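**Q** Here you go, one structure.
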2 protein chains.
Amino acid sequence: MDLRPEAVRKLLVHLKRLPGIGSRSAQRLAEHLLTCPEEEVEALAASLAHLRSSVRLCSQCFLLTAEDPCPVCQDPDRDRSVLLVVEDPTTAWSVEASGAYHGLYHALLGHLSPLHGIGPDELTIDALVKRVASGGFQEVILGTNPTVEGETTALYIARLLEPYNVVVSRPASGIPMGGDLGAVDQVTLGQALTLRRKL
Amino acid sequence: MDLRPEAVRKLLVHLKRLPGIGSRSAQRLAEHLLTCPEEEVEALAASLAHLRSSVRLCSQCFLLTAEDPCPVCQDPDRDRSVLLVVEDPTTAWSVEASGAYHGLYHALLGHLSPLHGIGPDELTIDALVKRVASGGFQEVILGTNPTVEGETTALYIARLLEPYNVVVSRPASGIPMGGDLGAVDQVTLGQALTLRRKL
């Protein structure tokens, strides 16, 4: 006899769709949500209900933002000569947390993936080329992920940017800081050795 | 510069309050919720918003239920001579999934914990004694957790039930099925050996 009330079963279905949440975690979350102060559940529900309507994509750089243009595009103190191209808008949050970048961003909203029917028109590559063509940038850093699709996308964009007078670069690949050479995968280790730098 | 829109930061605060969700999982969940089909987020939000209002405690056994009395208390086919006492109402879901129990339930809504100010009056012990006193039960299984608080609660209830003509029992303690004797904690291993049974 399944004793879980209909509302709990529905919640479990929705929770299990979330990344990293299996049957067990979903049940644990549901138990917590059934026993915690009711205001907490209400606050979470409200925060989810307003999430998508209060966040949009910046019309210039396609980062997630509450206002358009986004704070980066509006900020007069950012270095407007460098553009960092990322796949996902949320990657910019981590880049900002690193404190190592002060230029502008451009989110592609994905990577080229012919097998999944994602060509250049499904991404914001057109807008990127127009931004670069309109001038002002000295360097475009292609920060797509170091995966087959990410590399392909970077090469594709690099070719499109050839006619414009900009330096095109990729972030360094190598052993993560604090990492263990023996524990790193072979491709990364090979890259790190090939691209070694003099001290 | 923190680029996360206010709505995302709020959501992260609420997500991080959930059990087993740290900073990294919260960020991953937020990213998913920002990029998945909007209907999924709406469905999750609605399901959370209705959760607490559509689930109450059964007035007889204190299980979580949509209707009162709950399906177990209403079911004429359940064995009304056995009562399983559990700490949390959700424990009954797992017991039902085991298929090994067909009697009635009683959820205490916690365990005795003087240090946290939880005495008998904070639990449903009074209601339990009244249920047993009203007769009809031949056995009461004290399924509180095998922890110090759970054992104390079980002993306390066992004493209260002494005047009534019922068998009072505890579920077996021992090595979990599929478990490894060497990997089991010492207390459990000790219990399992002391309580060994003849084949």
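Chain labels follow the order of the structure tokens: the first chain is A, the next B, and so on; residue numbering restarts at 1 in every chain, and ligands are counted from 1 in their shown order.
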Counting only C-alpha atoms, what is within 7 Å of segment 51-64 of chain A, bar same-chain residues fewer than 4 positions away, as a list in words?
**A**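 Contacts, with the query itself left out: Ser47, Asp68, Pro69, Cys70, Pro89, Tyr105, His106 and Ala107 of chain A; Pro5, Ala7, Val8 and Leu34 of chain B.
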**Q** What are the residues of chain A that have an atom within 8 Å of an atom of chain B, counting only C-alpha atoms, as a ChimeraX atom specification?
**A** /A:1-8,10-11,14-15,18-20,25,28-29,31-32,34,38,40-52,54-55,64-66,71-72,90,92-93,96-97
**Q** List as a VMD selection string the protein and nucleic acid residues near Ser169 of chain A, meaning an atom at most 9 Å away when only C-alpha atoms are counted, but skip any in the same chain fewer than 5 places from it.
**A** chain A and resid 139 to 143 158
**Q** Among segment 54-136 of chain B, which residues carry a DSSP assignment of strand (DSSP E or B), reported as a list in words?
**A**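 Taking segment 54-136 of chain B and keeping strand (DSSP E or B) only, one gets Arg56, Leu57, Leu64, Thr65, Asp79, Arg80, Ser81, Val82, Leu83, Leu84, Val85, Val86, Gly103, Leu104, Tyr105, His106, Ala107, Ser113 and Ile118 of chain B.
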**Q** For the selection you just gave me, I'd like the residues written to a file as a short mmCIF file (atom, residue, chain, number, x, y, z; two decimals), in the first residue's frame, keeping all heavy atoms.
**A**
data_model
loop_
_atom_site.label_atom_id
_atom_site.label_comp_id
_atom_site.auth_asym_id
_atom_site.auth_seq_id
_atom_site.Cartn_x
_atom_site.Cartn_y
_atom_site.Cartn_z
N ARG B 56 -2.01 16.52 5.78
CA ARG B 56 -2.19 16.75 7.22
C ARG B 56 -1.83 15.46 7.96
O ARG B 56 -1.47 14.46 7.35
CB ARG B 56 -3.62 17.17 7.52
CG ARG B 56 -4.61 16.03 7.39
CD ARG B 56 -6.02 16.51 7.21
NE ARG B 56 -6.21 16.85 5.81
CZ ARG B 56 -7.34 17.35 5.31
NH1 ARG B 56 -8.36 17.62 6.10
NH2 ARG B 56 -7.46 17.59 4.02
N LEU B 57 -1.93 15.49 9.29
CA LEU B 57 -1.67 14.29 10.08
C LEU B 57 -2.99 13.59 10.36
O LEU B 57 -3.99 14.24 10.70
CB LEU B 57 -1.00 14.66 11.40
CG LEU B 57 0.40 15.27 11.29
CD1 LEU B 57 0.88 15.74 12.65
CD2 LEU B 57 1.39 14.27 10.69
N LEU B 64 1.14 10.95 7.77
CA LEU B 64 0.83 12.04 6.83
C LEU B 64 -0.20 11.54 5.83
O LEU B 64 -0.05 10.45 5.26
CB LEU B 64 2.10 12.47 6.10
CG LEU B 64 3.11 13.22 6.96
CD1 LEU B 64 4.47 13.20 6.30
CD2 LEU B 64 2.66 14.65 7.20
N THR B 65 -1.23 12.32 5.59
CA THR B 65 -2.31 11.85 4.74
C THR B 65 -3.04 13.00 4.08
O THR B 65 -3.00 14.13 4.57
CB THR B 65 -3.32 11.03 5.60
OG1 THR B 65 -4.42 10.66 4.78
CG2 THR B 65 -3.84 11.85 6.78
N ASP B 79 -4.68 -5.64 9.44
CA ASP B 79 -4.72 -6.43 10.67
C ASP B 79 -4.79 -5.46 11.86
O ASP B 79 -3.81 -4.80 12.21
CB ASP B 79 -3.46 -7.29 10.75
CG ASP B 79 -3.42 -8.12 12.02
OD1 ASP B 79 -4.30 -7.93 12.90
OD2 ASP B 79 -2.51 -8.95 12.14
N ARG B 80 -5.98 -5.37 12.49
CA ARG B 80 -6.19 -4.39 13.56
C ARG B 80 -5.75 -4.89 14.94
O ARG B 80 -6.05 -4.27 15.96
CB ARG B 80 -7.66 -3.97 13.60
CG ARG B 80 -8.00 -3.15 12.41
CD ARG B 80 -9.40 -2.77 12.17
NE ARG B 80 -9.37 -1.96 10.95
CZ ARG B 80 -9.16 -0.65 10.95
NH1 ARG B 80 -9.02 0.01 12.06
NH2 ARG B 80 -9.09 0.01 9.80
N SER B 81 -5.02 -6.02 14.95
CA SER B 81 -4.55 -6.53 16.24
C SER B 81 -3.08 -6.14 16.49
O SER B 81 -2.56 -6.37 17.57
CB SER B 81 -4.70 -8.06 16.27
OG SER B 81 -3.79 -8.65 15.36
N VAL B 82 -2.42 -5.60 15.47
CA VAL B 82 -1.01 -5.23 15.62
C VAL B 82 -0.84 -3.74 15.36
O VAL B 82 -1.43 -3.18 14.44
CB VAL B 82 -0.10 -5.97 14.60
CG1 VAL B 82 1.34 -5.93 15.05
CG2 VAL B 82 -0.57 -7.38 14.37
N LEU B 83 -0.02 -3.09 16.21
CA LEU B 83 0.23 -1.66 16.07
C LEU B 83 1.74 -1.44 15.99
O LEU B 83 2.48 -1.90 16.87
CB LEU B 83 -0.35 -0.92 17.28
CG LEU B 83 -0.31 0.60 17.24
CD1 LEU B 83 -1.14 1.13 16.08
CD2 LEU B 83 -0.82 1.17 18.56
N LEU B 84 2.20 -0.78 14.95
CA LEU B 84 3.62 -0.47 14.82
C LEU B 84 3.83 1.01 15.15
O LEU B 84 3.28 1.89 14.48
CB LEU B 84 4.11 -0.76 13.39
CG LEU B 84 5.54 -0.34 13.05
CD1 LEU B 84 6.56 -1.00 14.00
CD2 LEU B 84 5.89 -0.70 11.61
N VAL B 85 4.62 1.25 16.20
CA VAL B 85 4.90 2.62 16.63
C VAL B 85 6.19 3.09 15.97
O VAL B 85 7.23 2.42 16.09
CB VAL B 85 5.03 2.67 18.18
CG1 VAL B 85 5.38 4.08 18.63
CG2 VAL B 85 3.75 2.17 18.83
N VAL B 86 6.14 4.19 15.22
CA VAL B 86 7.34 4.73 14.58
C VAL B 86 7.55 6.17 15.05
O VAL B 86 6.62 6.80 15.56
CB VAL B 86 7.23 4.71 13.03
CG1 VAL B 86 7.26 3.28 12.51
CG2 VAL B 86 5.97 5.42 12.56
N GLY B 103 -0.38 -4.40 9.64
CA GLY B 103 -1.17 -3.89 10.76
C GLY B 103 -1.37 -2.40 10.69
O GLY B 103 -1.24 -1.80 9.62
N LEU B 104 -1.67 -1.79 11.82
CA LEU B 104 -1.88 -0.34 11.89
C LEU B 104 -0.59 0.35 12.36
O LEU B 104 0.36 -0.30 12.77
CB LEU B 104 -3.03 -0.02 12.85
CG LEU B 104 -4.39 -0.65 12.50
CD1 LEU B 104 -5.47 -0.12 13.45
CD2 LEU B 104 -4.77 -0.37 11.05
N TYR B 105 -0.60 1.67 12.28
CA TYR B 105 0.57 2.47 12.65
C TYR B 105 0.24 3.45 13.74
O TYR B 105 -0.93 3.80 13.95
CB TYR B 105 1.06 3.28 11.44
CG TYR B 105 1.70 2.46 10.37
CD1 TYR B 105 0.96 2.04 9.26
CD2 TYR B 105 3.04 2.10 10.45
CE1 TYR B 105 1.54 1.29 8.26
CE2 TYR B 105 3.63 1.35 9.44
CZ TYR B 105 2.88 0.95 8.35
OH TYR B 105 3.46 0.22 7.37
N HIS B 106 1.29 3.93 14.39
CA HIS B 106 1.15 5.09 15.27
C HIS B 106 2.46 5.88 15.20
O HIS B 106 3.52 5.36 15.56
CB HIS B 106 0.86 4.67 16.70
CG HIS B 106 0.48 5.83 17.57
ND1 HIS B 106 -0.82 6.20 17.80
CD2 HIS B 106 1.24 6.76 18.23
CE1 HIS B 106 -0.86 7.28 18.56
NE2 HIS B 106 0.39 7.64 18.84
N ALA B 107 2.40 7.12 14.71
CA ALA B 107 3.61 7.95 14.62
C ALA B 107 3.71 8.82 15.86
O ALA B 107 2.77 9.52 16.22
CB ALA B 107 3.57 8.81 13.37
N SER B 113 13.62 13.55 24.15
CA SER B 113 14.94 14.16 24.13
C SER B 113 14.95 15.32 25.12
O SER B 113 14.76 16.47 24.74
CB SER B 113 15.26 14.63 22.70
OG SER B 113 16.52 15.23 22.66
N ILE B 118 12.14 17.96 24.68
CA ILE B 118 11.06 17.13 24.14
C ILE B 118 10.71 16.03 25.13
O ILE B 118 11.43 15.04 25.27
CB ILE B 118 11.43 16.55 22.76
CG1 ILE B 118 11.68 17.72 21.80
CG2 ILE B 118 10.31 15.64 22.23
CD1 ILE B 118 12.26 17.31 20.47
#
**Q** Could you work out how far atom CA of Glu87 of chain A lies from atom CA of His111 of chain A, giving the answer in Å with one decimal?
**A**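 Distance reported for this atom pair: 6.2 Å.
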**Q** Applying 8 Å and only C-alpha atoms, which residues near Leu189 of chain B remain after dropping the ones on its own chain fewer than 5 positions away? List them as a list in words.
**A**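 Within the cut-off, the hits are Gly174, Ile175, Leu181 and Val184 of chain B.
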**Q** For Val132 of chain B, which residue among B:Leu108, B:Leu160, B:Leu115, B:Val148 is the nearest when counting only C-alpha atoms?
**A**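 Residue with the minimum atom-to-atom distance to Val132 of chain B: B:Leu160.
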